[in-house]
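To start, the structure itself, in structure tokens.
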Amino acid sequence: MATLNVSLTLSSTDVSSDNLNMTVTDALTVGPPQEFLSKVVLEVNGGSDTVIKPAGSAGNHYLYVKHTGLKGDGSAATAAVVLKLGSTSLSVLVPGEISFFNVINSGVINAISSSSETILLEYGFFTKA
């Protein structure tokens, strides 16, 4: 077993009439299987989805995903990444955005570019122990 320390901070002085400043932390117990950090070039829209979190037989999973802001050739990307639970759209990341969320163990998370650009995606998953 291992510990994965996570921290989320939300802060702003102009998102509302009140200042926003909050931090939430947690220590997650994780074990195999896991994959961290990996990078993959996603196919263009209309191509094949790329599996970034396969179905698992162990506990639920924690998934980290980052749109690197780069195309597959290393130049700047403008297209978004579409994350899917199976074949259903789940989330969209624009260049530079990240996501970290829980996924049921049987859930398969796929990713693909939203346009004709290939996208360099960084990702990893951990199994809840």
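Simple scheme: letters A, B, ... for chains in structure tokens order, numbers from 1 for residues in each chain, numbers from 1 for ligands in the order shown.
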
message: Using only C-alpha atoms, which protein or nucleic acid residues come within 7 Å of segment 21-24 of chain A? Drop anything in the same chain fewer than 4 positions from it, and give the result as JSON, numbers by chain.
response: {"A": [7, 8, 9, 10, 11, 12]}

Counting only C-alpha atoms, which residues of segment 32-69 of chain A fall within 12 Å of segment 2-5 of chain A, and what is the closest atom pair for each with its distance in Å at one decimal, ordered by chain and rising number, as CSV?
```
residue,atom,partner,partner_atom,distance
A:Pro32,CA,A:Ala2,CA,9.3
A:Pro33,CA,A:Ala2,CA,11.8
A:Gln34,CA,A:Ala2,CA,11.1
A:Phe36,CA,A:Leu4,CA,11.7
A:Tyr62,CA,A:Leu4,CA,9.9
A:Leu63,CA,A:Leu4,CA,11.9
A:Tyr64,CA,A:Leu4,CA,11.9
```

Same residues, C-alpha atoms, saved as a compact mmCIF listing (two decimals), in the first residue's frame:
```txt
# COMPACT_ATOMS: atom_id res chain seq x y z
CA PRO A 32 -1.70 -1.82 -7.80
CA PRO A 33 -2.59 -1.62 -10.58
CA GLN A 34 -1.56 1.94 -11.33
CA PHE A 36 1.73 7.21 -13.62
CA TYR A 62 -8.35 7.97 -9.13
CA LEU A 63 -7.62 9.45 -12.56
CA TYR A 64 -5.33 12.41 -13.36
```

- prompt: Can you tell me how far atom CA of Asn110 of chain A sits from atom CA of Ala55 of chain A, in Å to one decimal?
  reply: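 Calculated distance between atom CA of Asn110 of chain A and atom CA of Ala55 of chain A is 10.9 Å.
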
- request: Would you list the contacts of Ser115 of chain A as a ChimeraX atom specification, taking every protein, DNA or RNA residue within 7 Å and counting only C-alpha atoms, but skipping same-chain residues closer than 2 positions in sequence?
  value: /A:44-45,79,113,117

I'd like the neighbourhood of Val108 of chain A as a CSV table (one decimal) with N, CA and C atoms, in the first residue's frame, where a residue qualifies if any of its atoms comes within 7 Å (using only C-alpha atoms), though same-chain residues fewer than 2 positions away should be ignored.
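Once everything was written out, this is part-v2.csv:
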```
chain,number,residue,atom,x,y,z
A,53,LYS,N,-7.8,4.8,-19.0
A,53,LYS,CA,-8.1,4.0,-17.8
A,53,LYS,C,-8.9,2.8,-18.1
A,54,PRO,N,-8.3,1.6,-18.1
A,54,PRO,CA,-9.0,0.4,-18.5
A,54,PRO,C,-10.0,0.0,-17.3
A,55,ALA,N,-10.9,-0.9,-17.6
A,55,ALA,CA,-11.7,-1.5,-16.6
A,55,ALA,C,-10.8,-2.3,-15.7
A,85,LEU,N,-16.6,8.3,-20.8
A,85,LEU,CA,-16.9,7.1,-20.0
A,85,LEU,C,-17.5,6.1,-21.0
A,86,GLY,N,-16.7,5.2,-21.4
A,86,GLY,CA,-17.1,4.3,-22.5
A,86,GLY,C,-17.2,5.1,-23.8
A,106,SER,N,-15.1,-0.5,-12.9
A,106,SER,CA,-15.5,-1.1,-14.2
A,106,SER,C,-15.5,0.0,-15.3
A,110,ASN,N,-11.9,6.8,-22.0
A,110,ASN,CA,-11.3,7.0,-23.3
A,110,ASN,C,-11.1,8.5,-23.6
```

Point-to-point distance from atom CA of Lys84 of chain A to atom CA of Ile98 of chain A, Å rounded to tenths: 15.0 Å

message: If I take atom CA of Gly69 of chain A and atom CA of Val6 of chain A, how far is one from the other in Å, to one decimal?
response: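 Going from atom CA of Gly69 of chain A over to atom CA of Val6 of chain A, I get 23.0 Å.
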
field: segment 3-114 of chain A: residues DSSP assigns to strand (DSSP E or B), reported as number ranges by chain
entry: A: 3-12, 20-42, 50-53, 61-71, 76, 81-85, 88-93, 98-103, 109-113

Residue selection dump (C-alpha atoms) as a PDB file, in the first residue's frame:
```
ATOM      1  CA  THR A   3      -0.227   7.031   0.132  1.00  0.00           C
ATOM      2  CA  LEU A   4      -1.130   9.540  -2.556  1.00  0.00           C
ATOM      3  CA  ASN A   5      -1.386  13.056  -1.120  1.00  0.00           C
ATOM      4  CA  VAL A   6      -3.765  15.357  -2.989  1.00  0.00           C
ATOM      5  CA  SER A   7      -4.499  19.036  -2.548  1.00  0.00           C
ATOM      6  CA  LEU A   8      -7.001  21.293  -4.306  1.00  0.00           C
ATOM      7  CA  THR A   9      -6.839  25.059  -3.878  1.00  0.00           C
ATOM      8  CA  LEU A  10      -9.474  27.463  -5.180  1.00  0.00           C
ATOM      9  CA  SER A  11      -8.707  31.162  -4.812  1.00  0.00           C
ATOM     10  CA  SER A  12      -9.840  34.384  -6.437  1.00  0.00           C
ATOM     11  CA  LEU A  20     -12.521  32.947  -2.467  1.00  0.00           C
ATOM     12  CA  ASN A  21      -9.727  31.110  -0.695  1.00  0.00           C
ATOM     13  CA  MET A  22     -10.098  27.433   0.153  1.00  0.00           C
ATOM     14  CA  THR A  23      -7.841  24.409   0.199  1.00  0.00           C
ATOM     15  CA  VAL A  24      -8.910  20.795   0.600  1.00  0.00           C
ATOM     16  CA  THR A  25      -6.381  18.026   1.177  1.00  0.00           C
ATOM     17  CA  ASP A  26      -6.620  14.266   1.510  1.00  0.00           C
ATOM     18  CA  ALA A  27      -4.319  11.281   1.870  1.00  0.00           C
ATOM     19  CA  LEU A  28      -5.505   8.473  -0.411  1.00  0.00           C
ATOM     20  CA  THR A  29      -4.415   4.881   0.156  1.00  0.00           C
ATOM     21  CA  VAL A  30      -3.569   3.316  -3.213  1.00  0.00           C
ATOM     22  CA  GLY A  31      -2.158   0.064  -4.532  1.00  0.00           C
ATOM     23  CA  PRO A  32      -1.704  -1.815  -7.797  1.00  0.00           C
ATOM     24  CA  PRO A  33      -2.586  -1.624 -10.576  1.00  0.00           C
ATOM     25  CA  GLN A  34      -1.563   1.938 -11.329  1.00  0.00           C
ATOM     26  CA  GLU A  35      -0.043   3.924 -14.169  1.00  0.00           C
ATOM     27  CA  PHE A  36       1.734   7.212 -13.624  1.00  0.00           C
ATOM     28  CA  LEU A  37       2.822   9.401 -15.478  1.00  0.00           C
ATOM     29  CA  SER A  38       2.205   8.475 -19.072  1.00  0.00           C
ATOM     30  CA  LYS A  39       1.893  10.497 -22.237  1.00  0.00           C
ATOM     31  CA  VAL A  40       0.008   9.545 -25.365  1.00  0.00           C
ATOM     32  CA  VAL A  41      -0.790  11.240 -28.680  1.00  0.00           C
ATOM     33  CA  LEU A  42      -4.549  11.225 -29.231  1.00  0.00           C
ATOM     34  CA  THR A  50      -7.511   5.962 -26.762  1.00  0.00           C
ATOM     35  CA  VAL A  51      -8.095   4.069 -23.513  1.00  0.00           C
ATOM     36  CA  ILE A  52      -6.398   5.964 -20.662  1.00  0.00           C
ATOM     37  CA  LYS A  53      -8.055   4.047 -17.788  1.00  0.00           C
ATOM     38  CA  HIS A  61      -9.628   4.408  -9.381  1.00  0.00           C
ATOM     39  CA  TYR A  62      -8.345   7.968  -9.128  1.00  0.00           C
ATOM     40  CA  LEU A  63      -7.624   9.452 -12.560  1.00  0.00           C
ATOM     41  CA  TYR A  64      -5.327  12.408 -13.357  1.00  0.00           C
ATOM     42  CA  VAL A  65      -5.490  13.953 -16.850  1.00  0.00           C
ATOM     43  CA  LYS A  66      -3.678  17.007 -18.283  1.00  0.00           C
ATOM     44  CA  HIS A  67      -4.064  18.592 -21.708  1.00  0.00           C
ATOM     45  CA  THR A  68      -0.425  19.528 -22.368  1.00  0.00           C
ATOM     46  CA  GLY A  69      -1.314  22.278 -24.829  1.00  0.00           C
ATOM     47  CA  LEU A  70       0.741  20.516 -27.482  1.00  0.00           C
ATOM     48  CA  LYS A  71      -0.063  18.683 -30.685  1.00  0.00           C
ATOM     49  CA  ALA A  76       0.978  24.512 -29.937  1.00  0.00           C
ATOM     50  CA  VAL A  81      -9.586  16.862 -25.534  1.00  0.00           C
ATOM     51  CA  VAL A  82     -12.829  14.950 -25.036  1.00  0.00           C
ATOM     52  CA  LEU A  83     -12.864  12.436 -22.172  1.00  0.00           C
ATOM     53  CA  LYS A  84     -15.456   9.686 -22.397  1.00  0.00           C
ATOM     54  CA  LEU A  85     -16.868   7.123 -20.003  1.00  0.00           C
ATOM     55  CA  THR A  88     -20.423   8.824 -23.620  1.00  0.00           C
ATOM     56  CA  SER A  89     -18.773  12.252 -23.412  1.00  0.00           C
ATOM     57  CA  LEU A  90     -17.836  13.014 -19.822  1.00  0.00           C
ATOM     58  CA  SER A  91     -15.553  16.057 -19.837  1.00  0.00           C
ATOM     59  CA  VAL A  92     -13.715  18.479 -22.124  1.00  0.00           C
ATOM     60  CA  LEU A  93     -10.230  19.866 -21.426  1.00  0.00           C
ATOM     61  CA  ILE A  98      -6.182  19.392 -15.707  1.00  0.00           C
ATOM     62  CA  SER A  99      -8.674  17.044 -14.109  1.00  0.00           C
ATOM     63  CA  PHE A 100      -8.492  14.660 -11.154  1.00  0.00           C
ATOM     64  CA  PHE A 101     -11.520  12.543 -10.306  1.00  0.00           C
ATOM     65  CA  ASN A 102     -12.747   9.171  -9.052  1.00  0.00           C
ATOM     66  CA  VAL A 103     -13.810   6.477 -11.511  1.00  0.00           C
ATOM     67  CA  ILE A 109     -12.128   6.189 -19.715  1.00  0.00           C
ATOM     68  CA  ASN A 110     -11.308   7.024 -23.327  1.00  0.00           C
ATOM     69  CA  ALA A 111      -9.860  10.202 -24.820  1.00  0.00           C
ATOM     70  CA  ILE A 112      -9.790  11.754 -28.298  1.00  0.00           C
ATOM     71  CA  SER A 113      -9.068  15.128 -29.888  1.00  0.00           C
TER      72      SER A 113
END
```
